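**Q** Structure file data-v8.pdb (PDB, C-alpha atoms and all ligand atoms) right here:
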ATOM      1  CA  MET Z   1     -22.747 -28.420  18.146
ATOM      2  CA  GLU Z   2     -20.131 -31.138  17.471
ATOM      3  CA  LYS Z   3     -16.532 -30.164  16.818
ATOM      4  CA  THR Z   4     -16.635 -31.282  13.147
ATOM      5  CA  GLU Z   5     -19.814 -29.258  12.604
ATOM      6  CA  GLN Z   6     -18.213 -26.222  14.251
ATOM      7  CA  ASN Z   7     -15.173 -26.608  11.976
ATOM      8  CA  GLN Z   8     -17.396 -26.933   8.902
ATOM      9  CA  GLU Z   9     -19.261 -23.760   9.870
ATOM     10  CA  LYS Z  10     -15.989 -21.892  10.499
ATOM     11  CA  ASN Z  11     -14.633 -22.981   7.093
ATOM     12  CA  TYR Z  12     -17.879 -21.927   5.413
ATOM     13  CA  ASN Z  13     -17.758 -18.487   7.091
ATOM     14  CA  GLN Z  14     -14.114 -18.015   6.109
ATOM     15  CA  GLN Z  15     -14.860 -18.953   2.487
ATOM     16  CA  THR Z  16     -17.796 -16.538   2.368
ATOM     17  CA  GLN Z  17     -15.701 -13.718   3.825
ATOM     18  CA  SER Z  18     -12.890 -14.403   1.327
ATOM     19  CA  GLN Z  19     -15.382 -14.360  -1.541
ATOM     20  CA  GLU Z  20     -16.763 -11.013  -0.316
ATOM     21  CA  TRP Z  21     -13.246  -9.570  -0.152
ATOM     22  CA  SER Z  22     -12.510 -10.735  -3.712
ATOM     23  CA  GLU Z  23     -15.690  -9.081  -4.970
ATOM     24  CA  LYS Z  24     -14.843  -5.884  -3.082
ATOM     25  CA  THR Z  25     -11.366  -5.931  -4.626
ATOM     26  CA  ASN Z  26     -12.809  -6.240  -8.112
ATOM     27  CA  ASP Z  27     -15.304  -3.425  -7.422
ATOM     28  CA  ILE Z  28     -12.619  -1.006  -6.233
ATOM     29  CA  LEU Z  29     -10.365  -1.758  -9.229
ATOM     30  CA  SER Z  30     -13.365  -1.167 -11.538
ATOM     31  CA  LYS Z  31     -13.980   2.186  -9.814
ATOM     32  CA  VAL Z  32     -10.346   3.201 -10.384
ATOM     33  CA  ARG Z  33     -10.728   2.387 -14.088
ATOM     34  CA  GLN Z  34     -13.995   4.361 -14.302
ATOM     35  CA  LYS Z  35     -12.991   7.394 -12.259
ATOM     36  CA  THR Z  36      -9.308   7.616 -13.376
ATOM     37  CA  PRO Z  37      -8.196   9.469 -10.194
ATOM     38  CA  LEU Z  38      -5.384  12.030 -10.334
ATOM     39  CA  ILE Z  39      -2.634  11.092  -7.873
ATOM     40  CA  GLN Z  40       0.075  13.586  -6.895
ATOM     41  CA  CYS Z  41       3.232  11.645  -6.046
ATOM     42  CA  ILE Z  42       6.030  13.267  -4.075
ATOM     43  CA  THR Z  43       8.222  10.212  -4.209
ATOM     44  CA  ASN Z  44      11.834   9.093  -4.482
ATOM     45  CA  TYR Z  45      13.835   9.268  -7.705
ATOM     46  CA  VAL Z  46      14.287   5.466  -7.836
ATOM     47  CA  SER Z  47      10.555   4.758  -7.780
ATOM     48  CA  MET Z  48       9.187   7.466 -10.067
ATOM     49  CA  ASP Z  49       9.082   5.356 -13.227
ATOM     50  CA  LEU Z  50       7.644   2.152 -11.730
ATOM     51  CA  ALA Z  51       5.130   3.970  -9.507
ATOM     52  CA  ALA Z  52       3.873   6.117 -12.408
ATOM     53  CA  ASN Z  53       3.570   3.084 -14.692
ATOM     54  CA  THR Z  54       1.772   1.119 -11.951
ATOM     55  CA  LEU Z  55      -0.812   3.905 -11.656
ATOM     56  CA  LEU Z  56      -1.257   4.212 -15.418
ATOM     57  CA  ALA Z  57      -1.657   0.432 -15.765
ATOM     58  CA  VAL Z  58      -4.765   0.476 -13.540
ATOM     59  CA  GLY Z  59      -6.242   3.585 -15.178
ATOM     60  CA  ALA Z  60      -5.165   6.253 -12.665
ATOM     61  CA  SER Z  61      -3.285   9.432 -13.632
ATOM     62  CA  PRO Z  62       0.080   9.910 -11.925
ATOM     63  CA  ALA Z  63       1.653  13.366 -11.546
ATOM     64  CA  MET Z  64       5.162  13.415 -10.063
ATOM     65  CA  LEU Z  65       5.071  17.099  -9.042
ATOM     66  CA  HIS Z  66       7.140  17.973  -6.015
ATOM     67  CA  ALA Z  67       8.052  21.678  -6.189
ATOM     68  CA  LEU Z  68       6.899  23.670  -3.174
ATOM     69  CA  GLU Z  69       5.920  26.561  -5.456
ATOM     70  CA  GLU Z  70       3.408  24.412  -7.393
ATOM     71  CA  ILE Z  71       1.503  22.998  -4.436
ATOM     72  CA  PRO Z  72      -1.056  25.841  -3.995
ATOM     73  CA  ASP Z  73      -2.151  25.567  -7.648
ATOM     74  CA  PHE Z  74      -1.850  21.838  -8.178
ATOM     75  CA  THR Z  75      -2.754  20.015  -4.938
ATOM     76  CA  PRO Z  76      -6.386  21.305  -4.979
ATOM     77  CA  GLN Z  77      -6.834  19.493  -8.329
ATOM     78  CA  ILE Z  78      -5.877  16.012  -7.125
ATOM     79  CA  ASP Z  79      -7.906  13.062  -5.829
ATOM     80  CA  ALA Z  80      -5.181  11.766  -3.480
ATOM     81  CA  LEU Z  81      -1.630  12.607  -2.454
ATOM     82  CA  TYR Z  82       1.185  10.065  -2.172
ATOM     83  CA  ILE Z  83       4.274  10.924  -0.102
ATOM     84  CA  ASN Z  84       7.389   8.713  -0.032
ATOM     85  CA  VAL Z  85      10.598   9.700   1.788
ATOM     86  CA  GLY Z  86      12.945   7.332  -0.116
ATOM     87  CA  THR Z  87      15.417   9.963  -1.358
ATOM     88  CA  LEU Z  88      14.638  12.563   1.275
ATOM     89  CA  SER Z  89      16.215  16.038   1.390
ATOM     90  CA  SER Z  90      15.311  19.018   3.553
ATOM     91  CA  THR Z  91      13.954  20.849   0.489
ATOM     92  CA  VAL Z  92      11.536  18.111  -0.520
ATOM     93  CA  LEU Z  93      10.543  17.504   3.103
ATOM     94  CA  GLN Z  94       9.252  21.061   3.255
ATOM     95  CA  ALA Z  95       7.152  20.463   0.134
ATOM     96  CA  MET Z  96       5.825  17.202   1.601
ATOM     97  CA  LYS Z  97       4.642  18.917   4.764
ATOM     98  CA  VAL Z  98       2.941  21.763   2.913
ATOM     99  CA  ALA Z  99       1.232  19.365   0.477
ATOM    100  CA  ALA Z 100       0.051  17.033   3.272
ATOM    101  CA  GLU Z 101      -1.355  19.934   5.290
ATOM    102  CA  LEU Z 102      -3.189  21.285   2.265
ATOM    103  CA  ALA Z 103      -4.562  17.834   1.352
ATOM    104  CA  VAL Z 104      -5.938  17.418   4.877
ATOM    105  CA  ASP Z 105      -7.442  20.942   4.817
ATOM    106  CA  LEU Z 106      -9.148  20.105   1.519
ATOM    107  CA  GLY Z 107     -10.447  16.760   2.807
ATOM    108  CA  LYS Z 108      -8.322  14.747   0.387
ATOM    109  CA  PRO Z 109      -6.680  11.474   1.457
ATOM    110  CA  TRP Z 110      -2.913  11.254   1.690
ATOM    111  CA  ILE Z 111      -0.912   8.045   1.792
ATOM    112  CA  PHE Z 112       2.546   7.699   3.333
ATOM    113  CA  ASP Z 113       5.493   5.401   2.541
ATOM    114  CA  PRO Z 114       8.170   5.772   5.274
ATOM    115  CA  VAL Z 115      11.099   4.256   3.340
ATOM    116  CA  ALA Z 116      14.028   3.290   5.606
ATOM    117  CA  ALA Z 117      12.406   5.122   8.547
ATOM    118  CA  GLY Z 118      14.757   3.676  11.172
ATOM    119  CA  CYS Z 119      17.979   4.406   9.277
ATOM    120  CA  SER Z 120      18.921   7.884  10.460
ATOM    121  CA  GLY Z 121      17.808  10.495  12.960
ATOM    122  CA  PHE Z 122      16.940  12.969  10.172
ATOM    123  CA  ARG Z 123      14.702  10.445   8.425
ATOM    124  CA  LEU Z 124      13.049   9.165  11.602
ATOM    125  CA  ARG Z 125      12.216  12.705  12.789
ATOM    126  CA  ALA Z 126      10.877  13.584   9.339
ATOM    127  CA  CYS Z 127       8.637  10.496   9.341
ATOM    128  CA  LEU Z 128       7.379  11.189  12.869
ATOM    129  CA  ASP Z 129       6.615  14.808  11.881
ATOM    130  CA  LEU Z 130       4.731  13.618   8.788
ATOM    131  CA  LEU Z 131       2.730  11.159  10.886
ATOM    132  CA  LEU Z 132       1.460  14.120  12.929
ATOM    133  CA  LEU Z 133      -0.114  15.426   9.704
ATOM    134  CA  LYS Z 134      -2.634  12.573   9.735
ATOM    135  CA  PRO Z 135      -2.010  10.284   6.756
ATOM    136  CA  THR Z 136      -4.990   8.119   5.776
ATOM    137  CA  VAL Z 137      -2.804   5.040   5.203
ATOM    138  CA  VAL Z 138       0.833   4.272   6.084
ATOM    139  CA  ARG Z 139       2.439   1.376   4.148
ATOM    140  CA  GLY Z 140       5.898   0.083   4.978
ATOM    141  CA  ASN Z 141       7.939  -3.065   5.276
ATOM    142  CA  GLY Z 142       8.326  -4.768   8.682
ATOM    143  CA  SER Z 143      11.452  -2.882   9.788
ATOM    144  CA  GLU Z 144       9.965   0.500   8.837
ATOM    145  CA  ILE Z 145       6.736  -0.057  10.758
ATOM    146  CA  ILE Z 146       8.598  -1.364  13.839
ATOM    147  CA  ALA Z 147      10.924   1.695  13.842
ATOM    148  CA  LEU Z 148       7.969   4.098  13.578
ATOM    149  CA  SER Z 149       5.926   2.413  16.270
ATOM    150  CA  ARG Z 150       8.902   2.519  18.672
ATOM    151  CA  ALA Z 151       9.889   6.005  17.459
ATOM    152  CA  SER Z 152      13.497   4.843  17.514
ATOM    153  CA  LEU Z 153      16.334   3.980  15.144
ATOM    154  CA  GLY Z 154      16.402   0.232  14.735
ATOM    155  CA  ASP Z 155      17.359  -2.919  12.992
ATOM    156  CA  THR Z 156      17.023  -2.247   9.278
ATOM    157  CA  LYS Z 157      19.059  -2.627   6.103
ATOM    158  CA  GLY Z 158      18.450   0.690   4.391
ATOM    159  CA  ALA Z 159      15.334   0.436   2.255
ATOM    160  CA  ASP Z 160      15.180  -3.354   2.772
ATOM    161  CA  SER Z 161      13.520  -5.040   5.723
ATOM    162  CA  VAL Z 162      15.218  -7.367   8.188
ATOM    163  CA  HIS Z 163      11.836  -8.347   9.656
ATOM    164  CA  GLU Z 164       9.004 -10.530   8.427
ATOM    165  CA  SER Z 165       5.714  -8.660   8.032
ATOM    166  CA  MET Z 166       4.064 -11.001  10.548
ATOM    167  CA  ASP Z 167       6.657  -9.940  13.173
ATOM    168  CA  ALA Z 168       5.351  -6.377  12.826
ATOM    169  CA  ILE Z 169       1.652  -7.058  13.554
ATOM    170  CA  GLU Z 170       1.714  -5.628  17.101
ATOM    171  CA  ALA Z 171       3.810  -2.651  15.951
ATOM    172  CA  ALA Z 172       1.342  -2.004  13.124
ATOM    173  CA  LYS Z 173      -1.620  -2.146  15.502
ATOM    174  CA  SER Z 174      -0.073   0.250  18.004
ATOM    175  CA  LEU Z 175       1.008   2.640  15.216
ATOM    176  CA  ALA Z 176      -2.547   2.619  13.862
ATOM    177  CA  GLN Z 177      -3.959   3.318  17.318
ATOM    178  CA  ALA Z 178      -1.450   6.107  17.992
ATOM    179  CA  THR Z 179      -1.900   7.891  14.648
ATOM    180  CA  GLY Z 180      -5.456   7.060  13.568
ATOM    181  CA  ALA Z 181      -4.069   5.861  10.226
ATOM    182  CA  ILE Z 182      -4.672   2.507   8.584
ATOM    183  CA  VAL Z 183      -1.291   0.722   8.690
ATOM    184  CA  ALA Z 184      -0.177  -1.802   6.055
ATOM    185  CA  VAL Z 185       2.939  -3.985   6.263
ATOM    186  CA  THR Z 186       4.224  -5.854   3.199
ATOM    187  CA  GLY Z 187       6.194  -9.077   3.023
ATOM    188  CA  ALA Z 188       5.407 -12.730   2.323
ATOM    189  CA  VAL Z 189       1.941 -11.978   3.727
ATOM    190  CA  ASP Z 190       0.753  -8.384   3.502
ATOM    191  CA  ILE Z 191      -1.222  -7.190   6.511
ATOM    192  CA  VAL Z 192      -3.521  -4.197   7.026
ATOM    193  CA  THR Z 193      -4.877  -2.944  10.333
ATOM    194  CA  ASP Z 194      -6.900  -0.121  11.834
ATOM    195  CA  GLY Z 195      -5.521  -0.981  15.280
ATOM    196  CA  LYS Z 196      -8.290  -3.477  16.018
ATOM    197  CA  GLN Z 197      -8.971  -5.798  13.104
ATOM    198  CA  VAL Z 198      -6.096  -7.270  11.080
ATOM    199  CA  ILE Z 199      -6.599  -8.302   7.447
ATOM    200  CA  GLY Z 200      -4.118 -10.511   5.576
ATOM    201  CA  ALA Z 201      -3.545 -10.310   1.818
ATOM    202  CA  ASN Z 202      -1.678 -13.399   0.737
ATOM    203  CA  ASN Z 203      -0.757 -12.713  -2.880
ATOM    204  CA  GLY Z 204       2.570 -11.979  -4.544
ATOM    205  CA  VAL Z 205       5.833 -13.771  -5.278
ATOM    206  CA  GLN Z 206       9.183 -13.563  -3.520
ATOM    207  CA  MET Z 207      10.901 -12.277  -6.685
ATOM    208  CA  MET Z 208       9.018  -8.958  -6.249
ATOM    209  CA  GLN Z 209      11.521  -8.138  -3.487
ATOM    210  CA  LYS Z 210      14.274  -8.223  -6.126
ATOM    211  CA  ILE Z 211      12.741  -5.350  -8.100
ATOM    212  CA  THR Z 212      13.509  -1.972  -6.576
ATOM    213  CA  ALA Z 213      10.479   0.155  -5.690
ATOM    214  CA  THR Z 214       7.789  -2.532  -5.815
ATOM    215  CA  GLY Z 215       6.935  -1.460  -2.255
ATOM    216  CA  CYS Z 216       6.836   2.208  -3.302
ATOM    217  CA  SER Z 217       4.628   1.275  -6.261
ATOM    218  CA  VAL Z 218       2.126  -0.719  -4.234
ATOM    219  CA  THR Z 219       1.828   2.288  -1.897
ATOM    220  CA  ALA Z 220       1.050   4.441  -4.956
ATOM    221  CA  LEU Z 221      -1.582   1.862  -5.912
ATOM    222  CA  ILE Z 222      -3.092   2.110  -2.419
ATOM    223  CA  ALA Z 223      -3.378   5.885  -2.989
ATOM    224  CA  ALA Z 224      -5.364   5.294  -6.205
ATOM    225  CA  PHE Z 225      -7.658   2.768  -4.496
ATOM    226  CA  VAL Z 226      -8.254   5.066  -1.497
ATOM    227  CA  ALA Z 227      -8.908   7.980  -3.888
ATOM    228  CA  VAL Z 228     -11.991   6.218  -5.276
ATOM    229  CA  ASP Z 229     -13.169   4.760  -1.939
ATOM    230  CA  PRO Z 230     -12.003   7.311   0.666
ATOM    231  CA  THR Z 231     -14.487   6.252   3.339
ATOM    232  CA  HIS Z 232     -13.217   2.633   3.359
ATOM    233  CA  PRO Z 233      -9.412   2.925   3.498
ATOM    234  CA  ILE Z 234      -8.856  -0.504   5.098
ATOM    235  CA  GLU Z 235     -10.754  -2.229   2.269
ATOM    236  CA  ALA Z 236      -9.038  -0.078  -0.362
ATOM    237  CA  ALA Z 237      -5.575  -0.847   1.045
ATOM    238  CA  ALA Z 238      -6.192  -4.607   1.269
ATOM    239  CA  ALA Z 239      -7.603  -4.637  -2.270
ATOM    240  CA  ALA Z 240      -4.618  -2.741  -3.709
ATOM    241  CA  LEU Z 241      -2.144  -5.083  -1.989
ATOM    242  CA  SER Z 242      -3.960  -8.123  -3.341
ATOM    243  CA  VAL Z 243      -4.233  -6.715  -6.889
ATOM    244  CA  PHE Z 244      -0.504  -5.917  -7.001
ATOM    245  CA  GLY Z 245       0.305  -9.396  -5.657
ATOM    246  CA  ILE Z 246      -1.941 -11.113  -8.221
ATOM    247  CA  ALA Z 247      -0.233  -9.139 -11.009
ATOM    248  CA  GLY Z 248       3.091 -10.416  -9.642
ATOM    249  CA  GLU Z 249       1.858 -14.028  -9.596
ATOM    250  CA  LEU Z 250       0.557 -13.827 -13.172
ATOM    251  CA  GLY Z 251       3.650 -11.949 -14.319
ATOM    252  CA  MET Z 252       5.961 -14.569 -12.804
ATOM    253  CA  LYS Z 253       4.580 -17.295 -15.071
ATOM    254  CA  ASP Z 254       6.866 -16.488 -17.994
ATOM    255  CA  ALA Z 255       9.415 -14.230 -16.269
ATOM    256  CA  LYS Z 256      13.120 -15.110 -16.502
ATOM    257  CA  GLY Z 257      14.112 -12.962 -13.529
ATOM    258  CA  PRO Z 258      13.436  -9.569 -11.891
ATOM    259  CA  ALA Z 259      13.804  -7.506 -15.071
ATOM    260  CA  SER Z 260      11.240  -9.466 -17.084
ATOM    261  CA  LEU Z 261       8.972  -9.728 -14.031
ATOM    262  CA  ARG Z 262       9.033  -5.914 -13.806
ATOM    263  CA  VAL Z 263       7.749  -5.685 -17.373
ATOM    264  CA  ASN Z 264       5.215  -8.498 -16.911
ATOM    265  CA  LEU Z 265       3.943  -6.974 -13.659
ATOM    266  CA  ILE Z 266       2.808  -3.831 -15.466
ATOM    267  CA  ASP Z 267       1.291  -5.849 -18.338
ATOM    268  CA  SER Z 268      -0.573  -8.079 -15.873
ATOM    269  CA  LEU Z 269      -1.895  -5.118 -13.893
ATOM    270  CA  HIS Z 270      -3.181  -3.571 -17.099
ATOM    271  CA  GLY Z 271      -4.872  -6.793 -18.227
ATOM    272  CA  LEU Z 272      -6.300  -7.873 -14.878
ATOM    273  CA  ASP Z 273      -9.954  -8.892 -15.179
ATOM    274  CA  GLN Z 274     -12.739  -9.993 -12.871
ATOM    275  CA  VAL Z 275     -12.129 -13.704 -13.483
ATOM    276  CA  SER Z 276      -8.455 -13.463 -12.458
ATOM    277  CA  ILE Z 277      -9.293 -11.426  -9.366
ATOM    278  CA  LEU Z 278     -12.053 -13.758  -8.185
ATOM    279  CA  GLN Z 279      -9.837 -16.764  -8.879
ATOM    280  CA  HIS Z 280      -6.599 -15.493  -7.302
ATOM    281  CA  ALA Z 281      -7.378 -12.918  -4.572
ATOM    282  CA  LYS Z 282      -6.472 -14.277  -1.146
ATOM    283  CA  ILE Z 283      -7.689 -11.790   1.460
ATOM    284  CA  THR Z 284      -8.704 -13.105   4.875
ATOM    285  CA  PRO Z 285      -9.281 -11.556   8.278
ATOM    286  CA  LEU Z 286      -6.455 -12.627  10.635
ATOM    287  CA  SER Z 287      -8.170 -11.364  13.790
TER     288      SER Z 287
HETATM  289  N1  LIG Z 301       8.314 -13.203   0.347
HETATM  290  C1  LIG Z 301       7.397 -12.610  -0.419
HETATM  291  N2  LIG Z 301       6.443 -13.348  -1.040
HETATM  292  C2  LIG Z 301       5.511 -12.755  -1.804
HETATM  293  N3  LIG Z 301       5.441 -11.421  -2.049
HETATM  294  C3  LIG Z 301       6.350 -10.637  -1.455
HETATM  295  C4  LIG Z 301       7.374 -11.171  -0.626
HETATM  296  N4  LIG Z 301       8.128 -10.153  -0.166
HETATM  297  C5  LIG Z 301       7.608  -9.025  -0.695
HETATM  298  N5  LIG Z 301       6.545  -9.304  -1.468
HETATM  299  C6  LIG Z 301       5.726  -8.341  -2.207
HETATM  300  O1  LIG Z 301       6.605  -7.402  -2.808
HETATM  301  C7  LIG Z 301       6.057  -6.083  -2.786
HETATM  302  C8  LIG Z 301       7.045  -5.125  -2.116
HETATM  303  O2  LIG Z 301       7.081  -5.411  -0.741
HETATM  304  P1  LIG Z 301       8.365  -5.149   0.150
HETATM  305  O3  LIG Z 301       8.006  -5.577   1.530
HETATM  306  O4  LIG Z 301       9.546  -5.763  -0.471
HETATM  307  O5  LIG Z 301       8.422  -3.568   0.101
HETATM  308  P2  LIG Z 301       9.599  -2.556   0.386
HETATM  309  O6  LIG Z 301      10.644  -3.210   1.231
HETATM  310  O7  LIG Z 301       9.021  -1.311   0.894
HETATM  311  O8  LIG Z 301      10.128  -2.347  -1.109
HETATM  312  P3  LIG Z 301      10.833  -1.065  -1.796
HETATM  313  O9  LIG Z 301      11.430  -0.262  -0.699
HETATM  314  O10 LIG Z 301      11.848  -1.652  -2.724
HETATM  315  O11 LIG Z 301       9.819  -0.306  -2.529
HETATM  316  C9  LIG Z 301       4.712  -6.212  -2.065
HETATM  317  O12 LIG Z 301       3.693  -6.282  -3.037
HETATM  318  C10 LIG Z 301       4.840  -7.526  -1.292
HETATM  319  O13 LIG Z 301       3.591  -8.165  -1.102
HETATM  320  C1  LIG Z 302      16.842   1.702  -3.120
HETATM  321  C2  LIG Z 302      16.223   2.941  -2.611
HETATM  322  N1  LIG Z 302      16.959   3.849  -1.923
HETATM  323  C3  LIG Z 302      16.256   4.909  -1.546
HETATM  324  S1  LIG Z 302      14.647   4.843  -2.047
HETATM  325  C4  LIG Z 302      14.884   3.344  -2.793
HETATM  326  C5  LIG Z 302      13.816   2.639  -3.533
HETATM  327  C6  LIG Z 302      13.214   1.540  -2.764
HETATM  328  O1  LIG Z 302      12.609   1.941  -1.593
HETATM  329 MG    MG Z 303       9.782   0.555   0.917
END
Transcribe the structure of this file into structure tokens.
Ligand SMILES: Nc1ncnc2c1ncn2[C@@H]1O[C@H](COP(=O)(O)OP(=O)(O)OP(=O)(O)O)[C@@H](O)[C@H]1O
Ligand SMILES: Cc1ncsc1CCO
Ligand SMILES: [Mg+2]

**A**
Amino acid sequence: MEKTEQNQEKNYNQQTQSQEWSEKTNDILSKVRQKTPLIQCITNYVSMDLAANTLLAVGASPAMLHALEEIPDFTPQIDALYINVGTLSSTVLQAMKVAAELAVDLGKPWIFDPVAAGCSGFRLRACLDLLLLKPTVVRGNGSEIIALSRASLGDTKGADSVHESMDAIEAAKSLAQATGAIVAVTGAVDIVTDGKQVIGANNGVQMMQKITATGCSVTALIAAFVAVDPTHPIEAAAAALSVFGIAGELGMKDAKGPASLRVNLIDSLHGLDQVSILQHAKITPLS
């Protein structure tokens, strides 16, 4: 086959794969709207409002219940558990561990956001302990995923990343291999890996970094997507990342800055339809 023909075939295959990913994304969002999964969120105080509104906007039911005493009654009722260590304390860490163990025992997915993992010994140890409890998906920024994969304190700026997501691809792959979790890294390009294949989701706008807890909220969204498609967590994670990014792109059109984008993001998520998803989703295999 000639080189131009080979290139044409490669382009055709890539376009077909992208189209299939867009359709998958639309299907999973439709399932969330139909099934309205209940998501228990043990998350940080900063993110509670935006994460709950993100879940409601796509049709899921958020429940921000984090008391240890409530876990035996409540966790059996949920469709997925979301754990985020953003404003960690020893009390809430205990509740996180008990809830994660129970979710695993009950066969329910749990999704982990290791905010600022490389910032302090207490936080790093807590994150490494939680990883041993077998999360279905881990989603962090570049610095968080690099710190976890090296199991060491590292270059980071609190909850903000000092790394590009693409710089964390190898770290994400080795973390996925070591833990058995699907690992997602957000940034200019979001990536998702099971340790072998790497999928890129290329939606979103830079201004999303200027709204606190957008990362926490997209992890909550991943939990809702995995809740309705628990046997395909890599697809569910890529779809959630793309959907959140598309909502950011649409919301940016008449935003004046981060505050109006925050409002528009929720409106766009709520109004997202098949046409917008098929037109805007940019998910492609990177390897
Ligand atoms: N440069 C960028 N261009 C486009 N989208 C971006 C960019 N940077 C981040 N995003 C998007 O912003 C959202 C949050 O990602 P980010 O990596 O900032 O998470 P985070 O650092 O964990 O945030 P937080 O801790 O505030 O919750 C994701 O949906 C991501 O795709
Ligand atoms: C700013 C901040 N600090 C702890 S959690 C959080 C929200 C973004 O991760
Ligand atoms: Mg974060």

**Q** Of the residues Z:Ile266, Z:Ala51, Z:Ala281, Z:Leu102, which is the one nearest to ligand LIG 301 (chain Z), using all atoms listed in the file?

**A**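 Between Z:Ile266, Z:Ala51, Z:Ala281, Z:Leu102, the residue approaching ligand LIG 301 (chain Z) most closely is Z:Ala51.
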
**Q** Using all atoms listed in the file, find the one residue out of Z:His232, Z:Lys3, Z:Lys157, Z:His280 that sits nearest to Asn141 in chain Z.

**A** Z:Lys157

**Q** Give the answer as one residue: which of Z:Val263, Z:Ala201, Z:Val192, Z:Leu124 has the shortest atom-to-atom distance to ligand LIG 301 (chain Z), using only C-alpha atoms and all ligand atoms?

**A** Z:Ala201

**Q** Please extract the residues at most 6 Å from ligand LIG 301 (chain Z), counting all atoms listed in the file, and provide them as number ranges by chain, using the chain letters and residue numbers of this document.

**A** Z: 140-141, 159-161, 186-188, 190, 204-206, 208-209, 212-216, 218, 244-245

**Q** Find the spatial neighbours of Lys108 in chain Z, counting all atoms listed in the file, within a cut-off of 7 Å - ignore same-chain residues fewer than 4 positions away - and output them as a list of chain:residue names.

**A**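 The neighbour list is Z:Asp79, Z:Ala80, Z:Ala103, Z:Val104.
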
**Q** Which residue, Z:Leu50, Z:Cys41, Z:Val185, Z:Leu29, has the smallest gap to ligand MG 303 (chain Z) when you use all atoms listed in the file?

**A**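 Ranking Z:Leu50, Z:Cys41, Z:Val185, Z:Leu29 by distance to ligand MG 303 (chain Z), first place goes to Z:Val185.
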
**Q** To test your reading of the syntax: which residues would the PyMOL selection byres (((chain Z and resi 30) around 12) and not hetatm) return for the file shown? Reply as a PyMOL selection string.

**A** chain Z and resi 23-29+31-37+58-60+224-225+228-229+239-240+243+270+272-274+277

**Q** Quick check on the file I pasted: which residues fall under the PyMOL selection byres (((chain Z and resi 18) around 10) and not hetatm)? Write them as a PDB file with C-alpha atoms, keeping the file's coordinate frame.

**A**
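And here's result-v2.pdb as it stands now:
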ATOM      1  CA  TYR Z  12     -17.879 -21.927   5.413  1.00  0.00           C
ATOM      2  CA  ASN Z  13     -17.758 -18.487   7.091  1.00  0.00           C
ATOM      3  CA  GLN Z  14     -14.114 -18.015   6.109  1.00  0.00           C
ATOM      4  CA  GLN Z  15     -14.860 -18.953   2.487  1.00  0.00           C
ATOM      5  CA  THR Z  16     -17.796 -16.538   2.368  1.00  0.00           C
ATOM      6  CA  GLN Z  17     -15.701 -13.718   3.825  1.00  0.00           C
ATOM      7  CA  GLN Z  19     -15.382 -14.360  -1.541  1.00  0.00           C
ATOM      8  CA  GLU Z  20     -16.763 -11.013  -0.316  1.00  0.00           C
ATOM      9  CA  TRP Z  21     -13.246  -9.570  -0.152  1.00  0.00           C
ATOM     10  CA  SER Z  22     -12.510 -10.735  -3.712  1.00  0.00           C
ATOM     11  CA  GLU Z  23     -15.690  -9.081  -4.970  1.00  0.00           C
ATOM     12  CA  LYS Z  24     -14.843  -5.884  -3.082  1.00  0.00           C
ATOM     13  CA  LEU Z 278     -12.053 -13.758  -8.185  1.00  0.00           C
ATOM     14  CA  ALA Z 281      -7.378 -12.918  -4.572  1.00  0.00           C
ATOM     15  CA  LYS Z 282      -6.472 -14.277  -1.146  1.00  0.00           C
ATOM     16  CA  ILE Z 283      -7.689 -11.790   1.460  1.00  0.00           C
ATOM     17  CA  THR Z 284      -8.704 -13.105   4.875  1.00  0.00           C
ATOM     18  CA  PRO Z 285      -9.281 -11.556   8.278  1.00  0.00           C
TER      19      PRO Z 285
END

**Q** Pull out every residue that the PyMOL selection byres (((chain Z and resi 133) around 12) and not hetatm) matches in the shown coordinates and put them as a ChimeraX atom specification.

**A** /Z:83,96-105,109-112,126-132,134-138,179-181

**Q** Go ahead and save the residues from that selection, with C-alpha atoms, as a short mmCIF file (atom, residue, chain, number, x, y, z; two decimals), in the frame of the given file.

**A**
data_model
loop_
_atom_site.label_atom_id
_atom_site.label_comp_id
_atom_site.auth_asym_id
_atom_site.auth_seq_id
_atom_site.Cartn_x
_atom_site.Cartn_y
_atom_site.Cartn_z
CA ILE Z 83 4.27 10.92 -0.10
CA MET Z 96 5.82 17.20 1.60
CA LYS Z 97 4.64 18.92 4.76
CA VAL Z 98 2.94 21.76 2.91
CA ALA Z 99 1.23 19.36 0.48
CA ALA Z 100 0.05 17.03 3.27
CA GLU Z 101 -1.36 19.93 5.29
CA LEU Z 102 -3.19 21.28 2.26
CA ALA Z 103 -4.56 17.83 1.35
CA VAL Z 104 -5.94 17.42 4.88
CA ASP Z 105 -7.44 20.94 4.82
CA PRO Z 109 -6.68 11.47 1.46
CA TRP Z 110 -2.91 11.25 1.69
CA ILE Z 111 -0.91 8.04 1.79
CA PHE Z 112 2.55 7.70 3.33
CA ALA Z 126 10.88 13.58 9.34
CA CYS Z 127 8.64 10.50 9.34
CA LEU Z 128 7.38 11.19 12.87
CA ASP Z 129 6.62 14.81 11.88
CA LEU Z 130 4.73 13.62 8.79
CA LEU Z 131 2.73 11.16 10.89
CA LEU Z 132 1.46 14.12 12.93
CA LYS Z 134 -2.63 12.57 9.74
CA PRO Z 135 -2.01 10.28 6.76
CA THR Z 136 -4.99 8.12 5.78
CA VAL Z 137 -2.80 5.04 5.20
CA VAL Z 138 0.83 4.27 6.08
CA THR Z 179 -1.90 7.89 14.65
CA GLY Z 180 -5.46 7.06 13.57
CA ALA Z 181 -4.07 5.86 10.23
#

**Q** So that all listed atoms of range 138-155 of chain Z fit with 3 Å spare on each side, what axis-aligned box centre and edge lengths in Å, to one decimal, would you give as lines of an AutoDock Vina configuration file?

**A**
center_x = 9.1
center_y = 0.6
center_z = 11.4
size_x = 22.5
size_y = 16.8
size_z = 20.5
